[in-house]
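Enquirer: Below is the file start-v4.txt, which contains compact mmCIF, C-alpha atoms and all ligand atoms.
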# COMPACT_ATOMS: atom_id res chain seq x y z
CA MET A 1 59.37 160.04 119.85
CA GLY A 2 62.27 157.79 120.79
CA TYR A 3 65.70 158.83 119.67
CA SER A 4 68.80 156.74 120.11
CA LYS A 5 71.42 157.79 122.63
CA GLU A 6 73.77 158.57 119.76
CA ILE A 7 71.35 161.07 118.21
CA ILE A 8 70.49 162.73 121.51
CA GLU A 9 74.18 163.17 122.33
CA ALA A 10 74.90 164.63 118.89
CA ALA A 11 71.99 167.07 119.23
CA ASN A 12 73.17 168.08 122.71
CA ARG A 13 76.65 168.70 121.38
CA ALA A 14 75.30 170.81 118.53
CA MET A 15 73.17 172.82 120.99
CA GLU A 16 76.12 173.37 123.32
CA GLN A 17 78.24 174.52 120.40
CA ARG A 18 75.50 176.90 119.29
CA ARG A 19 75.31 178.44 122.76
CA ARG A 20 79.06 178.77 123.06
CA GLN A 21 79.18 180.46 119.68
CA SER A 22 76.52 183.00 120.68
CA ILE A 23 78.51 183.79 123.83
CA THR A 24 81.85 184.01 122.02
CA LYS A 25 80.43 186.36 119.42
CA ALA A 26 79.05 188.64 122.13
CA GLU A 27 82.43 188.65 123.87
CA GLN A 28 84.13 189.64 120.62
CA ARG A 29 81.66 192.48 120.05
CA ARG A 30 82.12 193.69 123.62
CA ARG A 31 85.90 193.60 123.49
CA SER A 32 86.08 195.63 120.29
CA PHE A 33 83.44 198.09 121.52
CA PHE A 34 85.11 198.64 124.89
CA SER A 35 88.48 199.25 123.25
CA ARG A 36 86.91 202.00 121.17
CA TYR A 37 84.64 203.30 123.97
CA PRO A 38 86.35 202.67 127.35
CA ARG A 39 83.61 204.72 129.00
CA ALA A 40 81.13 201.96 128.08
CA LEU A 41 83.06 199.47 130.19
CA GLU A 42 83.10 201.90 133.12
CA ILE A 43 79.35 202.34 132.80
CA GLU A 44 78.81 198.59 132.88
CA ARG A 45 80.94 198.31 136.03
CA GLU A 46 79.09 201.14 137.70
CA LEU A 47 75.80 199.52 136.78
CA SER A 48 76.76 196.29 138.47
CA ARG A 49 77.97 198.21 141.53
CA THR A 50 74.60 199.99 141.77
CA ALA A 51 72.85 196.63 141.62
CA ALA A 52 74.98 195.40 144.54
CA LYS A 53 74.31 198.61 146.49
CA ALA A 54 70.58 198.27 145.90
CA ALA A 55 70.62 194.75 147.31
CA LYS A 56 72.54 195.97 150.35
CA ALA A 57 70.15 198.89 150.87
CA VAL A 58 67.21 196.52 150.97
CA LEU A 59 68.96 194.35 153.55
CA THR A 60 70.04 197.18 155.89
CA GLY A 61 66.56 198.63 156.05
CA SER A 62 66.52 202.13 157.67
CA ASN A 63 66.70 204.55 154.76
CA ALA A 64 66.07 201.86 152.19
CA ARG A 65 63.40 203.64 150.17
CA LEU A 66 65.35 206.88 149.82
CA GLU A 67 68.53 205.07 148.97
CA LEU A 68 66.77 202.87 146.38
CA GLU A 69 65.22 205.92 144.78
CA ARG A 70 68.65 207.51 144.43
CA LEU A 71 70.19 204.32 143.00
CA LYS A 72 67.36 203.99 140.52
CA GLU A 73 68.00 207.48 139.24
CA SER A 74 71.72 206.96 138.83
CA ASN A 75 71.00 203.62 137.17
CA GLN A 76 68.73 205.25 134.61
CA ALA A 77 71.29 207.95 133.91
CA LEU A 78 73.95 205.33 133.29
CA GLN A 79 71.63 203.31 131.05
CA SER A 80 70.84 206.29 128.86
CA GLU A 81 74.49 207.26 128.67
CA LEU A 82 75.30 203.78 127.43
CA ALA A 83 72.40 203.85 124.97
CA ALA A 84 73.71 207.15 123.61
CA LEU A 85 77.19 205.66 123.18
CA LEU A 86 75.78 202.69 121.27
CA LYS A 87 73.76 205.01 119.10
CA SER A 88 76.68 207.26 118.28
CA ALA A 89 78.71 204.17 117.33
CA GLY A 90 75.94 203.24 114.92
CA VAL A 91 75.21 199.81 116.46
CA SER A 92 71.96 198.34 117.75
CA GLU A 93 70.81 198.57 121.37
CA ASP A 94 71.51 194.88 122.05
CA TYR A 95 75.03 195.08 120.62
CA LEU A 96 76.70 194.20 123.92
CA GLU A 97 74.21 191.48 124.85
CA ILE A 98 74.35 187.81 123.92
CA ARG A 99 72.25 187.15 120.81
CA TYR A 100 71.01 183.60 121.09
CA ALA A 101 70.07 181.60 118.00
CA CYS A 102 66.87 180.77 119.88
CA PRO A 103 65.85 183.59 122.25
CA LEU A 104 63.11 181.33 123.62
CA CYS A 105 65.42 178.86 125.36
CA LYS A 106 68.65 180.90 125.16
CA ASP A 107 70.20 177.99 123.26
CA GLU A 108 69.72 175.66 126.22
CA GLY A 109 67.31 173.41 124.33
CA TYR A 110 64.80 173.42 127.18
CA VAL A 111 62.35 175.96 128.60
CA ASP A 112 60.69 175.32 131.97
CA GLY A 113 61.77 171.71 131.83
CA LYS A 114 60.15 171.20 128.43
CA MET A 115 62.00 170.52 125.21
CA CYS A 116 62.16 173.63 123.03
CA SER A 117 61.13 173.46 119.38
CA CYS A 118 64.70 174.30 118.30
CA MET A 119 65.93 171.16 120.10
CA LYS A 120 63.25 169.07 118.42
CA GLN A 121 64.42 170.44 115.08
CA LEU A 122 68.04 169.59 115.93
CA LEU A 123 67.11 166.01 116.82
CA ARG A 124 65.19 165.64 113.57
CA ASP A 125 68.11 167.08 111.59
CA GLU A 126 70.55 164.68 113.25
CA ALA A 127 68.31 161.71 112.49
CA TYR A 128 67.84 162.72 108.86
CA GLN A 129 71.51 163.42 108.43
CA ARG A 130 72.38 159.92 109.52
CA LEU A 131 70.01 158.34 107.06
CA ASN A 132 70.99 160.66 104.24
CA ALA A 133 74.72 160.22 104.79
CA LEU A 134 75.08 158.01 101.74
CA SER A 135 73.31 160.17 99.18
CA PRO A 136 74.94 162.33 96.52
CA LEU A 137 72.30 164.96 97.35
CA SER A 138 74.44 167.98 96.63
CA LEU A 139 75.26 166.91 93.10
CA SER A 140 71.79 166.70 91.62
CA SER A 141 69.54 169.56 90.64
CA PHE A 142 67.13 170.24 87.81
CA ASP A 143 69.63 172.67 86.31
CA THR A 144 72.29 170.04 85.87
CA PHE A 145 69.91 167.60 84.16
CA SER A 146 70.50 167.54 80.40
CA LEU A 147 68.00 166.29 77.84
CA ASP A 148 70.68 166.28 75.14
CA TYR A 149 71.62 162.68 75.76
CA TYR A 150 68.23 161.26 74.86
CA GLY A 151 67.57 160.16 71.27
CA GLU A 152 65.04 161.74 68.94
CA ALA A 153 64.27 158.44 67.19
CA PRO A 154 61.80 156.01 68.77
CA LEU A 155 63.39 152.86 70.18
CA LYS A 156 60.86 150.73 68.32
CA ALA A 157 58.56 151.41 65.38
CA GLY A 158 55.58 153.50 66.36
CA GLY A 159 57.05 154.18 69.80
CA ILE A 160 57.53 157.51 71.48
CA PRO A 161 60.97 159.15 71.00
CA PRO A 162 63.01 158.94 74.24
CA LYS A 163 63.70 162.64 74.14
CA LYS A 164 59.98 163.48 74.01
CA ARG A 165 59.22 161.09 76.89
CA MET A 166 62.06 162.49 78.97
CA GLU A 167 60.98 166.07 78.35
CA ASP A 168 57.55 165.14 79.71
CA ILE A 169 59.06 163.38 82.73
CA TYR A 170 61.45 166.25 83.40
CA ARG A 171 58.60 168.76 83.32
CA TYR A 172 56.44 166.54 85.52
CA CYS A 173 59.21 166.18 88.12
CA LYS A 174 60.00 169.88 88.14
CA ASN A 175 56.35 170.67 88.71
CA TYR A 176 56.10 167.98 91.36
CA ALA A 177 59.06 169.52 93.20
CA ALA A 178 57.77 173.08 92.87
CA ASN A 179 54.36 172.14 94.29
CA PHE A 180 55.52 169.47 96.71
CA ASP A 181 53.15 168.99 99.61
CA PRO A 182 53.54 165.97 101.90
CA GLN A 183 49.78 165.74 102.34
CA LEU A 184 48.81 166.13 98.70
CA SER A 185 51.66 164.99 96.46
CA PRO A 186 51.29 161.47 95.04
CA SER A 187 53.86 158.71 95.32
CA LEU A 188 55.93 158.09 92.20
CA LEU A 189 57.38 155.02 90.56
CA MET A 190 60.37 155.79 88.33
CA GLN A 191 61.02 152.86 86.09
CA GLY A 192 63.64 152.23 83.42
CA ALA A 193 67.11 150.91 82.72
CA THR A 194 70.23 152.01 84.58
CA GLY A 195 71.75 155.36 83.69
CA LEU A 196 68.62 157.15 82.48
CA GLY A 197 68.55 159.76 85.21
CA LYS A 198 66.10 158.28 87.73
CA THR A 199 68.37 158.96 90.69
CA HIS A 200 69.23 162.40 89.36
CA LEU A 201 65.59 163.51 89.07
CA SER A 202 64.52 161.97 92.39
CA LEU A 203 67.40 163.74 94.13
CA ALA A 204 66.53 167.00 92.41
CA ILE A 205 63.02 166.65 93.86
CA ALA A 206 64.53 165.82 97.27
CA ARG A 207 66.71 168.87 97.15
CA ALA A 208 63.78 171.14 96.30
CA ALA A 209 61.66 169.63 99.11
CA ILE A 210 64.50 170.04 101.62
CA GLY A 211 64.83 173.63 100.47
CA LYS A 212 61.19 174.16 101.43
CA GLY A 213 61.95 172.82 104.90
CA PHE A 214 60.50 169.32 104.52
CA GLY A 215 62.10 166.26 106.04
CA VAL A 216 63.39 164.06 103.26
CA ILE A 217 65.13 160.74 103.50
CA TYR A 218 67.05 159.29 100.62
CA CYS A 219 68.17 155.70 100.73
CA SER A 220 69.06 153.04 98.25
CA ALA A 221 67.32 149.73 98.85
CA PRO A 222 70.55 147.75 99.54
CA ASN A 223 71.81 150.36 102.01
CA ILE A 224 68.63 150.71 103.98
CA ILE A 225 68.02 146.98 104.15
CA GLY A 226 71.58 146.51 105.42
CA LYS A 227 71.14 149.23 108.02
CA LEU A 228 67.78 147.94 109.23
CA GLU A 229 69.08 144.41 109.43
CA LYS A 230 71.99 145.54 111.60
CA GLU A 231 69.72 147.59 113.85
CA ARG A 232 67.31 144.70 114.24
CA PHE A 233 70.23 142.48 115.11
CA ARG A 234 71.54 144.92 117.74
CA SER A 235 68.20 145.70 119.26
CA ALA A 236 67.29 143.07 121.82
CA ARG A 237 63.66 144.14 121.67
CA GLY A 238 63.50 143.54 117.95
CA SER A 239 60.91 146.30 117.76
CA ALA A 240 60.70 149.53 115.81
CA ASP A 241 63.96 151.45 115.87
CA GLU A 242 64.77 155.02 115.05
CA SER A 243 65.35 154.35 111.35
CA ASP A 244 62.00 152.63 110.99
CA VAL A 245 60.31 155.59 112.58
CA TYR A 246 61.96 158.09 110.27
CA LEU A 247 61.36 156.04 107.18
CA LEU A 248 57.67 156.05 108.03
CA GLU A 249 57.33 159.59 109.29
CA CYS A 250 59.46 161.71 106.98
CA ASP A 251 57.66 164.02 104.56
CA LEU A 252 59.22 162.38 101.54
CA LEU A 253 60.99 159.05 101.25
CA ILE A 254 63.16 158.31 98.24
CA LEU A 255 63.71 154.60 97.86
CA ASP A 256 66.32 154.25 95.16
CA ASP A 257 67.43 151.15 93.27
CA LEU A 258 64.61 148.93 94.43
CA GLY A 259 65.41 145.37 93.45
CA THR A 260 69.19 145.62 93.68
CA GLU A 261 69.27 144.51 97.33
CA PHE A 262 70.01 140.90 98.19
CA PRO A 263 66.60 139.19 98.19
CA THR A 264 65.66 137.59 101.49
CA SER A 265 62.38 137.18 103.31
CA PHE A 266 63.49 139.99 105.63
CA SER A 267 64.16 142.41 102.75
CA SER A 268 60.98 141.48 100.96
CA SER A 269 58.73 141.98 104.00
CA THR A 270 60.60 145.14 105.08
CA ILE A 271 60.13 146.71 101.65
CA TYR A 272 56.47 145.79 101.59
CA ASN A 273 55.86 147.20 105.07
CA MET A 274 57.73 150.39 104.29
CA ILE A 275 55.80 151.10 101.09
CA ASN A 276 52.46 149.98 102.49
CA SER A 277 52.73 151.91 105.78
CA ARG A 278 53.52 155.12 103.94
CA LEU A 279 50.58 154.60 101.62
CA MET A 280 48.30 153.98 104.60
CA ALA A 281 49.52 157.21 106.21
CA SER A 282 49.19 159.10 102.89
CA ARG A 283 52.85 160.02 102.84
CA PRO A 284 54.57 160.24 99.46
CA THR A 285 57.38 157.90 98.44
CA ILE A 286 59.44 158.02 95.27
CA ILE A 287 60.55 154.55 94.25
CA SER A 288 63.04 154.04 91.48
CA THR A 289 63.80 150.67 89.95
CA ASN A 290 65.43 149.00 86.96
CA LEU A 291 62.93 146.16 87.19
CA THR A 292 59.80 145.76 85.11
CA MET A 293 56.45 145.06 86.76
CA ARG A 294 56.84 141.38 86.00
CA GLU A 295 60.32 141.30 87.53
CA LEU A 296 59.07 143.15 90.61
CA GLU A 297 56.32 140.61 91.02
CA LYS A 298 58.84 137.80 90.73
CA GLN A 299 61.25 139.28 93.29
CA TYR A 300 58.64 140.47 95.78
CA SER A 301 55.00 139.58 95.54
CA GLN A 302 51.86 140.23 93.58
CA ARG A 303 50.63 142.03 96.69
CA LEU A 304 53.44 144.59 96.55
CA VAL A 305 53.08 145.16 92.81
CA SER A 306 49.36 145.80 93.10
CA ARG A 307 49.97 148.27 95.96
CA ILE A 308 52.50 150.09 93.80
CA MET A 309 50.42 149.96 90.61
CA GLY A 310 47.29 151.22 92.30
CA ASN A 311 48.88 154.07 94.23
CA HIS A 312 51.89 155.44 92.40
CA VAL A 313 52.19 157.69 89.38
CA ARG A 314 54.31 155.69 86.99
CA LEU A 315 57.10 157.41 85.07
CA GLU A 316 58.72 155.20 82.46
CA PHE A 317 62.19 156.45 81.60
CA LEU A 318 63.32 155.80 78.03
CA GLY A 319 66.65 155.91 76.24
CA SER A 320 70.04 154.27 76.28
CA ASP A 321 72.51 154.67 79.13
CA VAL A 322 73.14 158.38 79.47
CA ARG A 323 76.26 157.90 81.59
CA GLN A 324 77.86 155.82 78.85
CA LYS A 325 77.04 158.49 76.25
CA LYS A 326 78.49 161.21 78.43
CA ARG A 327 81.72 159.26 78.65
CA LEU A 328 81.87 158.76 74.85
CA ILE A 329 81.26 162.44 74.18
CA ARG A 330 84.00 163.48 76.53
ZN ZN B 1 64.99 177.01 121.69
In structure tokens, how does this file's structure come out?
Ligand SMILES: [Zn+2]

Expert:
Amino acid sequence: MGYSKEIIEAANRAMEQRRRQSITKAEQRRRSFFSRYPRALEIERELSRTAAKAAKAVLTGSNARLELERLKESNQALQSELAALLKSAGVSEDYLEIRYACPLCKDEGYVDGKMCSCMKQLLRDEAYQRLNALSPLSLSSFDTFSLDYYGEAPLKAGGIPPKKRMEDIYRYCKNYAANFDPQLSPSLLMQGATGLGKTHLSLAIARAAIGKGFGVIYCSAPNIIGKLEKERFRSARGSADESDVYLLECDLLILDDLGTEFPTSFSSSTIYNMINSRLMASRPTIISTNLTMRELEKQYSQRLVSRIMGNHVRLEFLGSDVRQKKRLIR
């Protein structure tokens, strides 16, 4: 998969920092251990001297075998003395060694010239981070969602009370998050006026999915259209860029505020392609919008609306602006 130079450099920096940290921590452990057990440092020095002597013995030949045998014995004695010291200090056997975050590649990012899985994960994280930079992800959870702001009386005669509807939606979303599976979970359409908690619930789902280790991208329609437009402009090839790839390949895409972006033929076709490609690949998307079906059809196309209608679970948020009520209550 193609990553931009910026992302590769950031991942390399993070890897380098990780390695340096592993080394620094080992140095700190060694320093404190040697100050308490000076004999341990002597043993280490003797061990490296024996290694040098062994190499020399091999080179000089004559009595090599005898000499090697003797060195091996003294080496083993030193090793067990050190092991005993570590044990008496109550620390693990590898206490003086470097403990890498990834023992496979020793925090180099590559093993035998091949990219290690930890490096792939770092690249993915960097890419997601860039796309998620604009989301208030940390602020929204199911616990902080309150149903108290939704009215008990139906908005129109014979209608369902907003509170009842929102309880159902809240339960549905919580369940959706708890059982989220990128291969099985359906796409959702959250519809309703501003300030009814669509962003809050979609971010709570995002947070839960991230917690399970899935790759989630949150973007508002105006932001992502702006970003893609800029990338397209910069890229001489005019072909798929990193953002496109992540928008299509992430486990869950949250497309917030659909319909609030400036309508152009670019935005309209980009939105259609994004939603359609994810449907084709059976990857879930959560769309939230203030627009009704009719308004969506007017701003985009009948084609998009029928794709959404036929393939998304529709959640219709009810109530009057919760944010305004919160402000009045305070
Ligand atoms: Zn690794």

Enquirer: Could you give me, as a tab-separated table, every chain A residue with an atom at most 12 Å from ligand ZN 1 (chain B), plus its closest atom pair and distance in Å to one decimal, counting only C-alpha atoms and all ligand atoms, rows ordered by chain then number?

Expert:
residue	atom	partner	partner_atom	distance
A:Met15	CA	B:ZN1	ZN	9.2
A:Glu16	CA	B:ZN1	ZN	11.8
A:Arg18	CA	B:ZN1	ZN	10.8
A:Arg19	CA	B:ZN1	ZN	10.5
A:Tyr100	CA	B:ZN1	ZN	8.9
A:Ala101	CA	B:ZN1	ZN	7.8
A:Cys102	CA	B:ZN1	ZN	4.6
A:Pro103	CA	B:ZN1	ZN	6.7
A:Leu104	CA	B:ZN1	ZN	5.1
A:Cys105	CA	B:ZN1	ZN	4.1
A:Lys106	CA	B:ZN1	ZN	6.4
A:Asp107	CA	B:ZN1	ZN	5.5
A:Glu108	CA	B:ZN1	ZN	6.7
A:Gly109	CA	B:ZN1	ZN	5.0
A:Tyr110	CA	B:ZN1	ZN	6.6
A:Val111	CA	B:ZN1	ZN	7.5
A:Asp112	CA	B:ZN1	ZN	11.3
A:Gly113	CA	B:ZN1	ZN	11.9
A:Lys114	CA	B:ZN1	ZN	10.1
A:Met115	CA	B:ZN1	ZN	8.0
A:Cys116	CA	B:ZN1	ZN	4.6
A:Ser117	CA	B:ZN1	ZN	5.7
A:Cys118	CA	B:ZN1	ZN	4.3
A:Met119	CA	B:ZN1	ZN	6.1
A:Lys120	CA	B:ZN1	ZN	8.8
A:Gln121	CA	B:ZN1	ZN	9.3
A:Leu122	CA	B:ZN1	ZN	9.9

Enquirer: Looking at only C-alpha atoms, which of A:Val216, A:Ile8, A:Val313, A:Ile308 is the one that sits closest to Tyr172 (chain A)?

Expert: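 Of all the options, A:Val313 lies closest to Tyr172 (chain A).
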
Enquirer: Which residue is closest to Ala208 (chain A)? Choose from A:Ala178, A:Leu279, A:Val58, A:Cys250 and count only C-alpha atoms.

Expert: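 Between A:Ala178, A:Leu279, A:Val58, A:Cys250, the residue approaching Ala208 (chain A) most closely is A:Ala178.
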
Enquirer: Select, from A:His200, A:Arg314, A:Arg13, A:Lys25, the residue with the minimum atom-to-atom distance to Ile287 (chain A), counting only C-alpha atoms.

Expert: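 Once distances to Ile287 (chain A) are computed over only C-alpha atoms, the minimum belongs to A:Arg314.
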
Enquirer: Would you work out the distance separating CA of Val305 (chain A) from CA of Asn132 (chain A), expressed in Å to one decimal?

Expert: 26.3 Å

Enquirer: Would you mind reading off the distance between CA of Glu97 (chain A) and CA of Glu42 (chain A), one decimal, in Å?

Expert: 16.0 Å
